file start_31.pdb (PDB, C-alpha atoms and all ligand atoms)
ATOM      1  CA  MET U   1      -8.155  18.771  -1.528  1.00  0.00           C
ATOM      2  CA  TYR U   2     -10.365  15.694  -1.183  1.00  0.00           C
ATOM      3  CA  CYS U   3      -8.563  13.478  -3.735  1.00  0.00           C
ATOM      4  CA  ILE U   4      -5.234  13.986  -1.909  1.00  0.00           C
ATOM      5  CA  ASP U   5      -6.712  13.832   1.600  1.00  0.00           C
ATOM      6  CA  VAL U   6      -8.135  10.352   0.893  1.00  0.00           C
ATOM      7  CA  LEU U   7      -4.680   9.127  -0.231  1.00  0.00           C
ATOM      8  CA  LEU U   8      -2.956  10.686   2.820  1.00  0.00           C
ATOM      9  CA  GLU U   9      -5.452   9.017   5.146  1.00  0.00           C
ATOM     10  CA  GLU U  10      -4.724   5.658   3.464  1.00  0.00           C
ATOM     11  CA  HIS U  11      -0.998   6.226   4.047  1.00  0.00           C
ATOM     12  CA  GLU U  12      -1.798   6.486   7.777  1.00  0.00           C
ATOM     13  CA  ARG U  13      -3.573   3.138   7.720  1.00  0.00           C
ATOM     14  CA  ILE U  14      -0.792   1.525   5.625  1.00  0.00           C
ATOM     15  CA  THR U  15       1.709   2.861   8.192  1.00  0.00           C
ATOM     16  CA  ASP U  16      -0.330   1.122  10.919  1.00  0.00           C
ATOM     17  CA  PHE U  17      -0.170  -2.046   8.825  1.00  0.00           C
ATOM     18  CA  ILE U  18       3.635  -1.752   8.539  1.00  0.00           C
ATOM     19  CA  ALA U  19       3.881  -1.696  12.353  1.00  0.00           C
ATOM     20  CA  VAL U  20       1.669  -4.803  12.589  1.00  0.00           C
ATOM     21  CA  ALA U  21       3.588  -6.734   9.935  1.00  0.00           C
ATOM     22  CA  ARG U  22       7.011  -5.853  11.369  1.00  0.00           C
ATOM     23  CA  ASN U  23       5.930  -6.860  14.867  1.00  0.00           C
ATOM     24  CA  ALA U  24       4.709 -10.188  13.498  1.00  0.00           C
ATOM     25  CA  CYS U  25       8.113 -10.759  11.827  1.00  0.00           C
ATOM     26  CA  CYS U  26       9.933  -9.908  15.085  1.00  0.00           C
ATOM     27  CA  SER U  27       7.715 -12.371  16.898  1.00  0.00           C
ATOM     28  CA  ILE U  28       8.633 -15.134  14.423  1.00  0.00           C
ATOM     29  CA  ILE U  29      12.352 -14.336  14.916  1.00  0.00           C
ATOM     30  CA  GLU U  30      11.837 -14.591  18.676  1.00  0.00           C
ATOM     31  CA  GLY U  31      10.584 -18.142  18.141  1.00  0.00           C
ATOM     32  CA  ASN U  32       6.829 -17.656  18.306  1.00  0.00           C
ATOM     33  CA  ASP U  33       4.439 -19.268  15.847  1.00  0.00           C
ATOM     34  CA  ILE U  34       2.192 -16.733  14.105  1.00  0.00           C
ATOM     35  CA  PRO U  35      -1.093 -18.302  12.928  1.00  0.00           C
ATOM     36  CA  LEU U  36      -1.045 -18.871   9.164  1.00  0.00           C
ATOM     37  CA  GLU U  37      -4.492 -17.248   9.083  1.00  0.00           C
ATOM     38  CA  ASP U  38      -2.994 -13.961  10.372  1.00  0.00           C
ATOM     39  CA  LEU U  39      -0.183 -14.056   7.827  1.00  0.00           C
ATOM     40  CA  ASN U  40      -2.771 -14.554   5.081  1.00  0.00           C
ATOM     41  CA  LYS U  41      -4.732 -11.585   6.451  1.00  0.00           C
ATOM     42  CA  MET U  42      -1.567  -9.469   6.179  1.00  0.00           C
ATOM     43  CA  LEU U  43      -0.984 -10.676   2.603  1.00  0.00           C
ATOM     44  CA  ASN U  44      -4.572  -9.859   1.672  1.00  0.00           C
ATOM     45  CA  PHE U  45      -4.438  -6.443   3.327  1.00  0.00           C
ATOM     46  CA  GLY U  46      -1.438  -5.694   1.086  1.00  0.00           C
ATOM     47  CA  LYS U  47      -3.130  -7.067  -2.018  1.00  0.00           C
ATOM     48  CA  VAL U  48      -6.527  -5.467  -1.532  1.00  0.00           C
ATOM     49  CA  TYR U  49      -6.184  -2.361   0.634  1.00  0.00           C
ATOM     50  CA  ALA U  50      -2.650  -1.187  -0.253  1.00  0.00           C
ATOM     51  CA  ASP U  51      -2.658  -2.329  -3.881  1.00  0.00           C
ATOM     52  CA  ASN U  52      -6.183  -2.627  -5.342  1.00  0.00           C
ATOM     53  CA  LEU U  53      -7.582   0.310  -3.417  1.00  0.00           C
ATOM     54  CA  HIS U  54      -4.701   2.684  -2.724  1.00  0.00           C
ATOM     55  CA  HIS U  55      -2.107   2.147  -5.479  1.00  0.00           C
ATOM     56  CA  LYS U  56      -4.774   1.640  -8.126  1.00  0.00           C
ATOM     57  CA  LYS U  57      -6.444   4.912  -7.127  1.00  0.00           C
ATOM     58  CA  GLU U  58      -3.091   6.740  -7.377  1.00  0.00           C
ATOM     59  CA  GLU U  59      -2.371   5.159 -10.757  1.00  0.00           C
ATOM     60  CA  ASP U  60      -5.803   5.643 -12.329  1.00  0.00           C
ATOM     61  CA  ILE U  61      -6.645   9.078 -10.959  1.00  0.00           C
ATOM     62  CA  LEU U  62      -3.879  11.372  -9.606  1.00  0.00           C
ATOM     63  CA  PHE U  63      -0.815   9.952 -11.357  1.00  0.00           C
ATOM     64  CA  ASN U  64      -2.691   9.504 -14.622  1.00  0.00           C
ATOM     65  CA  ALA U  65      -3.592  13.210 -14.573  1.00  0.00           C
ATOM     66  CA  MET U  66      -0.012  14.199 -13.683  1.00  0.00           C
ATOM     67  CA  VAL U  67       1.426  12.179 -16.585  1.00  0.00           C
ATOM     68  CA  ASN U  68      -1.142  13.398 -19.125  1.00  0.00           C
ATOM     69  CA  GLU U  69      -1.461  17.016 -18.080  1.00  0.00           C
ATOM     70  CA  ILE U  70       1.925  17.996 -16.653  1.00  0.00           C
ATOM     71  CA  GLY U  71       4.277  15.587 -18.469  1.00  0.00           C
ATOM     72  CA  GLY U  72       8.048  16.236 -18.175  1.00  0.00           C
ATOM     73  CA  ALA U  73       9.320  15.880 -14.609  1.00  0.00           C
ATOM     74  CA  ALA U  74       5.948  14.584 -13.381  1.00  0.00           C
ATOM     75  CA  GLN U  75       5.910  11.889 -16.032  1.00  0.00           C
ATOM     76  CA  LYS U  76       9.444  10.799 -15.088  1.00  0.00           C
ATOM     77  CA  MET U  77       8.665  10.770 -11.372  1.00  0.00           C
ATOM     78  CA  VAL U  78       5.524   8.689 -11.875  1.00  0.00           C
ATOM     79  CA  ASN U  79       6.741   6.247 -14.533  1.00  0.00           C
ATOM     80  CA  ASN U  80      10.334   5.766 -13.343  1.00  0.00           C
ATOM     81  CA  GLY U  81       9.670   6.133  -9.641  1.00  0.00           C
ATOM     82  CA  MET U  82       6.211   5.607  -8.207  1.00  0.00           C
ATOM     83  CA  LEU U  83       4.983   2.961 -10.668  1.00  0.00           C
ATOM     84  CA  VAL U  84       8.252   1.022 -10.516  1.00  0.00           C
ATOM     85  CA  GLU U  85       7.898   0.930  -6.721  1.00  0.00           C
ATOM     86  CA  HIS U  86       4.265  -0.219  -6.945  1.00  0.00           C
ATOM     87  CA  ASN U  87       5.421  -3.103  -9.162  1.00  0.00           C
ATOM     88  CA  LEU U  88       8.258  -4.005  -6.799  1.00  0.00           C
ATOM     89  CA  GLY U  89       5.696  -4.124  -3.969  1.00  0.00           C
ATOM     90  CA  ARG U  90       3.565  -6.503  -6.064  1.00  0.00           C
ATOM     91  CA  LEU U  91       6.605  -8.755  -6.534  1.00  0.00           C
ATOM     92  CA  TYR U  92       7.205  -8.943  -2.762  1.00  0.00           C
ATOM     93  CA  LEU U  93       3.532  -9.794  -2.212  1.00  0.00           C
ATOM     94  CA  SER U  94       3.592 -12.540  -4.833  1.00  0.00           C
ATOM     95  CA  GLU U  95       6.750 -14.037  -3.273  1.00  0.00           C
ATOM     96  CA  LEU U  96       5.070 -13.871   0.152  1.00  0.00           C
ATOM     97  CA  GLU U  97       1.999 -15.585  -1.288  1.00  0.00           C
ATOM     98  CA  LYS U  98       4.166 -18.422  -2.670  1.00  0.00           C
ATOM     99  CA  ALA U  99       5.714 -18.925   0.782  1.00  0.00           C
ATOM    100  CA  LEU U 100       2.303 -18.969   2.490  1.00  0.00           C
ATOM    101  CA  ASP U 101       0.843 -21.337  -0.109  1.00  0.00           C
ATOM    102  CA  LYS U 102       3.493 -23.953   0.660  1.00  0.00           C
ATOM    103  CA  TYR U 103       3.655 -23.102   4.365  1.00  0.00           C
ATOM    104  CA  THR U 104       5.350 -25.436   6.798  1.00  0.00           C
ATOM    105  CA  PRO U 105       6.867 -24.232  10.065  1.00  0.00           C
ATOM    106  CA  SER U 106      10.368 -24.708   8.614  1.00  0.00           C
ATOM    107  CA  THR U 107      13.227 -22.209   8.953  1.00  0.00           C
ATOM    108  CA  GLN U 108      13.413 -21.837   5.141  1.00  0.00           C
ATOM    109  CA  ILE U 109       9.758 -20.843   4.855  1.00  0.00           C
ATOM    110  CA  LYS U 110       9.997 -18.510   7.852  1.00  0.00           C
ATOM    111  CA  LEU U 111      12.991 -16.824   6.201  1.00  0.00           C
ATOM    112  CA  GLN U 112      11.026 -16.389   2.964  1.00  0.00           C
ATOM    113  CA  ILE U 113       8.085 -14.897   4.870  1.00  0.00           C
ATOM    114  CA  ILE U 114      10.214 -12.496   6.910  1.00  0.00           C
ATOM    115  CA  THR U 115      12.334 -11.436   3.922  1.00  0.00           C
ATOM    116  CA  ASN U 116       9.340 -10.495   1.800  1.00  0.00           C
ATOM    117  CA  ILE U 117       7.218  -8.875   4.517  1.00  0.00           C
ATOM    118  CA  SER U 118      10.191  -6.866   5.728  1.00  0.00           C
ATOM    119  CA  ALA U 119      11.212  -5.758   2.226  1.00  0.00           C
ATOM    120  CA  TYR U 120       7.592  -4.810   1.468  1.00  0.00           C
ATOM    121  CA  CYS U 121       7.336  -2.738   4.652  1.00  0.00           C
ATOM    122  CA  ASP U 122      10.659  -0.928   4.028  1.00  0.00           C
ATOM    123  CA  LEU U 123       9.626  -0.191   0.435  1.00  0.00           C
ATOM    124  CA  LEU U 124       6.201   1.153   1.418  1.00  0.00           C
ATOM    125  CA  GLU U 125       7.652   3.281   4.203  1.00  0.00           C
ATOM    126  CA  ARG U 126      10.120   5.015   1.847  1.00  0.00           C
ATOM    127  CA  HIS U 127       7.450   5.250  -0.880  1.00  0.00           C
ATOM    128  CA  ILE U 128       5.003   7.020   1.449  1.00  0.00           C
ATOM    129  CA  VAL U 129       7.649   9.587   2.460  1.00  0.00           C
ATOM    130  CA  LYS U 130       8.269  10.418  -1.222  1.00  0.00           C
ATOM    131  CA  GLU U 131       4.571  10.685  -2.048  1.00  0.00           C
ATOM    132  CA  ASN U 132       3.669  12.776   0.993  1.00  0.00           C
ATOM    133  CA  GLY U 133       6.701  15.048   0.609  1.00  0.00           C
ATOM    134  CA  VAL U 134       7.145  15.325  -3.164  1.00  0.00           C
ATOM    135  CA  ALA U 135       4.666  13.576  -5.505  1.00  0.00           C
ATOM    136  CA  TYR U 136       1.363  14.720  -3.979  1.00  0.00           C
ATOM    137  CA  PRO U 137       2.444  18.344  -3.322  1.00  0.00           C
ATOM    138  CA  PHE U 138       3.805  18.503  -6.892  1.00  0.00           C
ATOM    139  CA  GLY U 139       0.478  17.307  -8.306  1.00  0.00           C
ATOM    140  CA  GLN U 140      -1.562  19.631  -6.106  1.00  0.00           C
ATOM    141  CA  ARG U 141       0.637  22.631  -6.991  1.00  0.00           C
ATOM    142  CA  THR U 142       0.786  22.000 -10.714  1.00  0.00           C
ATOM    143  CA  LEU U 143      -2.563  20.556 -11.827  1.00  0.00           C
ATOM    144  CA  SER U 144      -5.268  23.066 -12.731  1.00  0.00           C
ATOM    145  CA  ALA U 145      -8.160  23.775 -10.372  1.00  0.00           C
ATOM    146  CA  GLU U 146     -10.536  22.211 -12.926  1.00  0.00           C
ATOM    147  CA  THR U 147      -8.493  19.019 -13.100  1.00  0.00           C
ATOM    148  CA  LEU U 148      -8.260  18.769  -9.307  1.00  0.00           C
ATOM    149  CA  GLU U 149     -12.027  19.169  -9.098  1.00  0.00           C
ATOM    150  CA  ARG U 150     -12.459  16.349 -11.650  1.00  0.00           C
ATOM    151  CA  LEU U 151     -10.082  14.166  -9.617  1.00  0.00           C
ATOM    152  CA  ASN U 152     -12.181  14.842  -6.506  1.00  0.00           C
ATOM    153  CA  ILE U 153     -15.263  13.547  -8.315  1.00  0.00           C
ATOM    154  CA  GLU U 154     -13.436  10.482  -9.694  1.00  0.00           C
ATOM    155  CA  THR U 155     -12.091   9.741  -6.212  1.00  0.00           C
ATOM    156  CA  GLN U 156     -15.571   9.977  -4.707  1.00  0.00           C
ATOM    157  CA  GLN U 157     -16.855   7.520  -7.331  1.00  0.00           C
ATOM    158  CA  PHE U 158     -13.966   5.147  -6.649  1.00  0.00           C
ATOM    159  CA  GLU U 159     -14.668   5.337  -2.909  1.00  0.00           C
ATOM    160  CA  ASN U 160     -18.365   4.620  -3.426  1.00  0.00           C
ATOM    161  CA  ASN U 161     -17.592   1.591  -5.603  1.00  0.00           C
ATOM    162  CA  THR U 162     -15.083   0.087  -3.164  1.00  0.00           C
ATOM    163  CA  LYS U 163     -16.773   0.818   0.177  1.00  0.00           C
ATOM    164  CA  SER U 164     -17.274  -2.793   1.256  1.00  0.00           C
ATOM    165  CA  ASP U 165     -13.667  -3.868   0.591  1.00  0.00           C
ATOM    166  CA  ARG U 166     -12.343  -0.802   2.413  1.00  0.00           C
ATOM    167  CA  GLU U 167     -14.553  -1.323   5.454  1.00  0.00           C
ATOM    168  CA  TYR U 168     -13.712  -5.038   5.600  1.00  0.00           C
ATOM    169  CA  TYR U 169      -9.947  -4.516   5.480  1.00  0.00           C
ATOM    170  CA  LEU U 170      -9.993  -1.652   8.002  1.00  0.00           C
ATOM    171  CA  LYS U 171     -11.765  -4.057  10.360  1.00  0.00           C
ATOM    172  CA  VAL U 172      -9.111  -6.717   9.662  1.00  0.00           C
ATOM    173  CA  LEU U 173      -6.407  -4.121  10.363  1.00  0.00           C
ATOM    174  CA  ASP U 174      -7.997  -3.208  13.700  1.00  0.00           C
ATOM    175  CA  GLU U 175      -8.073  -6.880  14.713  1.00  0.00           C
ATOM    176  CA  LEU U 176      -4.424  -7.316  13.722  1.00  0.00           C
ATOM    177  CA  LYS U 177      -3.427  -4.144  15.607  1.00  0.00           C
ATOM    178  CA  GLN U 178      -5.016  -5.495  18.757  1.00  0.00           C
ATOM    179  CA  LYS U 179      -2.951  -8.668  18.456  1.00  0.00           C
ATOM    180  CA  TYR U 180       0.386  -7.338  17.252  1.00  0.00           C
ATOM    181  CA  CYS U 181       0.738  -3.695  18.416  1.00  0.00           C
TER     182      CYS U 181
HETATM  183 FE    FE F 201       2.119   4.953  -4.484  1.00  0.00          FE
HETATM  184 FE    FE F 202       0.624   5.959  -1.789  1.00  0.00          FE
END
call {"tool": "encode", "arguments": {"input": "start_31.pdb", "output": "structure tokens", "more": "lines below"}}
Ligand SMILES: [Fe+2]
Ligand SMILES: [Fe+2]
result
Amino acid sequence: MYCIDVLLEEHERITDFIAVARNACCSIIEGNDIPLEDLNKMLNFGKVYADNLHHKKEEDILFNAMVNEIGGAAQKMVNNGMLVEHNLGRLYLSELEKALDKYTPSTQIKLQIITNISAYCDLLERHIVKENGVAYPFGQRTLSAETLERLNIETQQFENNTKSDREYYLKVLDELKQKYC
């Protein structure tokens, strides 16, 4: 199912990002200075690729259909689970952004950076397990064939409209992987 396959593929790339970001945090703990530019690239990968592209696509397309067409347990899982976790992720990113905006190589700032990157990575890791194992299969099993076909078309349109951002941030991720993995 194309609309789900695109989301699963993005989870793979976000999982690569988690490895990069955790390695960068470990490097800071070991006393190395990570270039501020790289930390900003990680922040922007989270904001654009994970949030604007991936979470927004889940919210506007698959989860929207699950809430409107299945209701009940699907509505609870999306509204009280998945969307709450998306918002918590946004909070960690905004706290990380505040730390990077006032960056100095002080222990306090390093702590703020590590705390928020690490919390973001742990959240996303658990979130991906739930979506891959429960939320996506539930949607695929329960939505009608006609709805899933409509979601495929909406996903294709979303992908066409966001091609340049996606390509740019996958390139950024590759560069970061070469440095930190
Ligand atoms: Fe999600
Ligand atoms: Fe997801």
call {"tool": "resolve_selection", "arguments": {"input": "start_31.pdb", "expression": "the PyMOL selection byres (((chain U and resi 135) around 12) and not hetatm)", "output": "VMD selection string"}}
result
chain U and resid 4 7 to 8 58 62 to 63 66 to 67 73 to 79 81 to 83 127 to 134 136 to 143
call {"tool": "resolve_selection", "arguments": {"input": "start_31.pdb", "expression": "the PyMOL selection byres (((chain U and resi 86-90) around 12) and not hetatm)", "output": "ChimeraX atom specification"}}
result
/U:43-44,46-48,50-52,54-59,78-85,91-97,116-128,131
call {"tool": "resolve_selection", "arguments": {"input": "start_31.pdb", "expression": "the PyMOL selection byres (((chain U and resi 164-172) around 9) and not hetatm)", "output": "MDAnalysis selection string"}}
result
chainID U and resid 13 41:42 44:45 48:49 53 159:163 173:177
call {"tool": "atom_distance", "arguments": {"input": "start_31.pdb", "atom1": "CA of Ile29 in chain U", "atom2": "CA of Leu111 in chain U"}}
result
9.1 Å
call {"tool": "atom_distance", "arguments": {"input": "start_31.pdb", "atom1": "CA of Asp60 in chain U", "atom2": "CA of Glu154 in chain U"}}
result
9.4 Å
call {"tool": "closest_residue", "arguments": {"input": "start_31.pdb", "among": "U:Glu10, U:Gly31, U:Thr147, U:Thr107", "to": "ligand FE 201 (chain F)", "atoms": "only C-alpha atoms and all ligand atoms"}}
result
U:Glu10
call {"tool": "atom_distance", "arguments": {"input": "start_31.pdb", "atom1": "CA of Gln108 in chain U", "atom2": "CA of Thr15 in chain U"}}
result
27.5 Å
call {"tool": "axis_aligned_box", "arguments": {"input": "start_31.pdb", "around": "range 134-146 of chain U", "padding_each_side": "6 Å", "output": "lines of an AutoDock Vina configuration file"}}
result
center_x = -1.7
center_y = 18.7
center_z = -8.0
size_x = 29.7
size_y = 22.2
size_z = 21.8
call {"tool": "closest_residue", "arguments": {"input": "start_31.pdb", "among": "U:Ala19, U:Ile114, U:Ile61, U:Leu148", "to": "ligand FE 201 (chain F)", "atoms": "all atoms listed in the file"}}
result
U:Ile61
call {"tool": "closest_residue", "arguments": {"input": "start_31.pdb", "among": "U:Cys25, U:Ile14, U:Lys179, U:Lys98", "to": "ligand FE 201 (chain F)", "atoms": "all atoms listed in the file"}}
result
U:Ile14
call {"tool": "closest_residue", "arguments": {"input": "start_31.pdb", "among": "U:Glu9, U:Ala24, U:Leu39, U:Gln178", "to": "Tyr103 in chain U", "atoms": "all atoms listed in the file"}}
result
U:Leu39
call {"tool": "closest_residue", "arguments": {"input": "start_31.pdb", "among": "U:Asp101, U:Ile18, U:Asn152, U:Ile70", "to": "Tyr2 in chain U", "atoms": "all atoms listed in the file"}}
result
U:Asn152
call {"tool": "closest_residue", "arguments": {"input": "start_31.pdb", "among": "U:Leu151, U:Ile28, U:Leu100, U:Val6", "to": "ligand FE 202 (chain F)", "atoms": "all atoms listed in the file"}}
result
U:Val6
call {"tool": "build_atoms", "arguments": {"input": "start_31.pdb", "residues": "range 83-104 of chain U", "atoms": "N, CA and C atoms", "output": "PDB file, in the coordinates of the input"}}
result
ATOM      1  N   LEU U  83       5.552   4.193 -10.100  1.00  0.00           N
ATOM      2  CA  LEU U  83       4.983   2.961 -10.668  1.00  0.00           C
ATOM      3  C   LEU U  83       5.957   1.786 -10.564  1.00  0.00           C
ATOM      4  N   VAL U  84       7.244   2.079 -10.681  1.00  0.00           N
ATOM      5  CA  VAL U  84       8.252   1.022 -10.516  1.00  0.00           C
ATOM      6  C   VAL U  84       8.166   0.472  -9.083  1.00  0.00           C
ATOM      7  N   GLU U  85       7.989   1.375  -8.117  1.00  0.00           N
ATOM      8  CA  GLU U  85       7.898   0.930  -6.721  1.00  0.00           C
ATOM      9  C   GLU U  85       6.601   0.152  -6.466  1.00  0.00           C
ATOM     10  N   HIS U  86       5.503   0.571  -7.085  1.00  0.00           N
ATOM     11  CA  HIS U  86       4.265  -0.219  -6.945  1.00  0.00           C
ATOM     12  C   HIS U  86       4.501  -1.647  -7.451  1.00  0.00           C
ATOM     13  N   ASN U  87       5.188  -1.767  -8.591  1.00  0.00           N
ATOM     14  CA  ASN U  87       5.421  -3.103  -9.162  1.00  0.00           C
ATOM     15  C   ASN U  87       6.366  -3.938  -8.300  1.00  0.00           C
ATOM     16  N   LEU U  88       7.357  -3.284  -7.706  1.00  0.00           N
ATOM     17  CA  LEU U  88       8.258  -4.005  -6.799  1.00  0.00           C
ATOM     18  C   LEU U  88       7.464  -4.516  -5.578  1.00  0.00           C
ATOM     19  N   GLY U  89       6.554  -3.702  -5.081  1.00  0.00           N
ATOM     20  CA  GLY U  89       5.696  -4.124  -3.969  1.00  0.00           C
ATOM     21  C   GLY U  89       4.870  -5.351  -4.347  1.00  0.00           C
ATOM     22  N   ARG U  90       4.363  -5.353  -5.584  1.00  0.00           N
ATOM     23  CA  ARG U  90       3.565  -6.503  -6.064  1.00  0.00           C
ATOM     24  C   ARG U  90       4.424  -7.763  -6.119  1.00  0.00           C
ATOM     25  N   LEU U  91       5.695  -7.599  -6.495  1.00  0.00           N
ATOM     26  CA  LEU U  91       6.605  -8.755  -6.534  1.00  0.00           C
ATOM     27  C   LEU U  91       6.804  -9.323  -5.126  1.00  0.00           C
ATOM     28  N   TYR U  92       7.031  -8.455  -4.141  1.00  0.00           N
ATOM     29  CA  TYR U  92       7.205  -8.943  -2.762  1.00  0.00           C
ATOM     30  C   TYR U  92       5.947  -9.674  -2.289  1.00  0.00           C
ATOM     31  N   LEU U  93       4.781  -9.132  -2.630  1.00  0.00           N
ATOM     32  CA  LEU U  93       3.532  -9.794  -2.212  1.00  0.00           C
ATOM     33  C   LEU U  93       3.387 -11.151  -2.888  1.00  0.00           C
ATOM     34  N   SER U  94       3.757 -11.241  -4.158  1.00  0.00           N
ATOM     35  CA  SER U  94       3.592 -12.540  -4.833  1.00  0.00           C
ATOM     36  C   SER U  94       4.587 -13.561  -4.280  1.00  0.00           C
ATOM     37  N   GLU U  95       5.786 -13.113  -3.895  1.00  0.00           N
ATOM     38  CA  GLU U  95       6.750 -14.037  -3.273  1.00  0.00           C
ATOM     39  C   GLU U  95       6.258 -14.467  -1.888  1.00  0.00           C
ATOM     40  N   LEU U  96       5.644 -13.527  -1.158  1.00  0.00           N
ATOM     41  CA  LEU U  96       5.070 -13.871   0.152  1.00  0.00           C
ATOM     42  C   LEU U  96       3.944 -14.888  -0.024  1.00  0.00           C
ATOM     43  N   GLU U  97       3.115 -14.673  -1.042  1.00  0.00           N
ATOM     44  CA  GLU U  97       1.999 -15.585  -1.288  1.00  0.00           C
ATOM     45  C   GLU U  97       2.514 -17.001  -1.588  1.00  0.00           C
ATOM     46  N   LYS U  98       3.591 -17.095  -2.368  1.00  0.00           N
ATOM     47  CA  LYS U  98       4.166 -18.422  -2.670  1.00  0.00           C
ATOM     48  C   LYS U  98       4.611 -19.109  -1.386  1.00  0.00           C
ATOM     49  N   ALA U  99       5.238 -18.345  -0.481  1.00  0.00           N
ATOM     50  CA  ALA U  99       5.714 -18.925   0.782  1.00  0.00           C
ATOM     51  C   ALA U  99       4.529 -19.394   1.631  1.00  0.00           C
ATOM     52  N   LEU U 100       3.463 -18.599   1.664  1.00  0.00           N
ATOM     53  CA  LEU U 100       2.303 -18.969   2.490  1.00  0.00           C
ATOM     54  C   LEU U 100       1.549 -20.148   1.885  1.00  0.00           C
ATOM     55  N   ASP U 101       1.537 -20.227   0.556  1.00  0.00           N
ATOM     56  CA  ASP U 101       0.843 -21.337  -0.109  1.00  0.00           C
ATOM     57  C   ASP U 101       1.495 -22.689   0.190  1.00  0.00           C
ATOM     58  N   LYS U 102       2.815 -22.671   0.382  1.00  0.00           N
ATOM     59  CA  LYS U 102       3.493 -23.953   0.660  1.00  0.00           C
ATOM     60  C   LYS U 102       3.965 -23.992   2.113  1.00  0.00           C
ATOM     61  N   TYR U 103       3.220 -23.292   2.975  1.00  0.00           N
ATOM     62  CA  TYR U 103       3.655 -23.102   4.365  1.00  0.00           C
ATOM     63  C   TYR U 103       3.906 -24.411   5.119  1.00  0.00           C
ATOM     64  N   THR U 104       5.065 -24.463   5.743  1.00  0.00           N
ATOM     65  CA  THR U 104       5.350 -25.436   6.798  1.00  0.00           C
ATOM     66  C   THR U 104       6.133 -24.634   7.828  1.00  0.00           C
TER      67      THR U 104
END
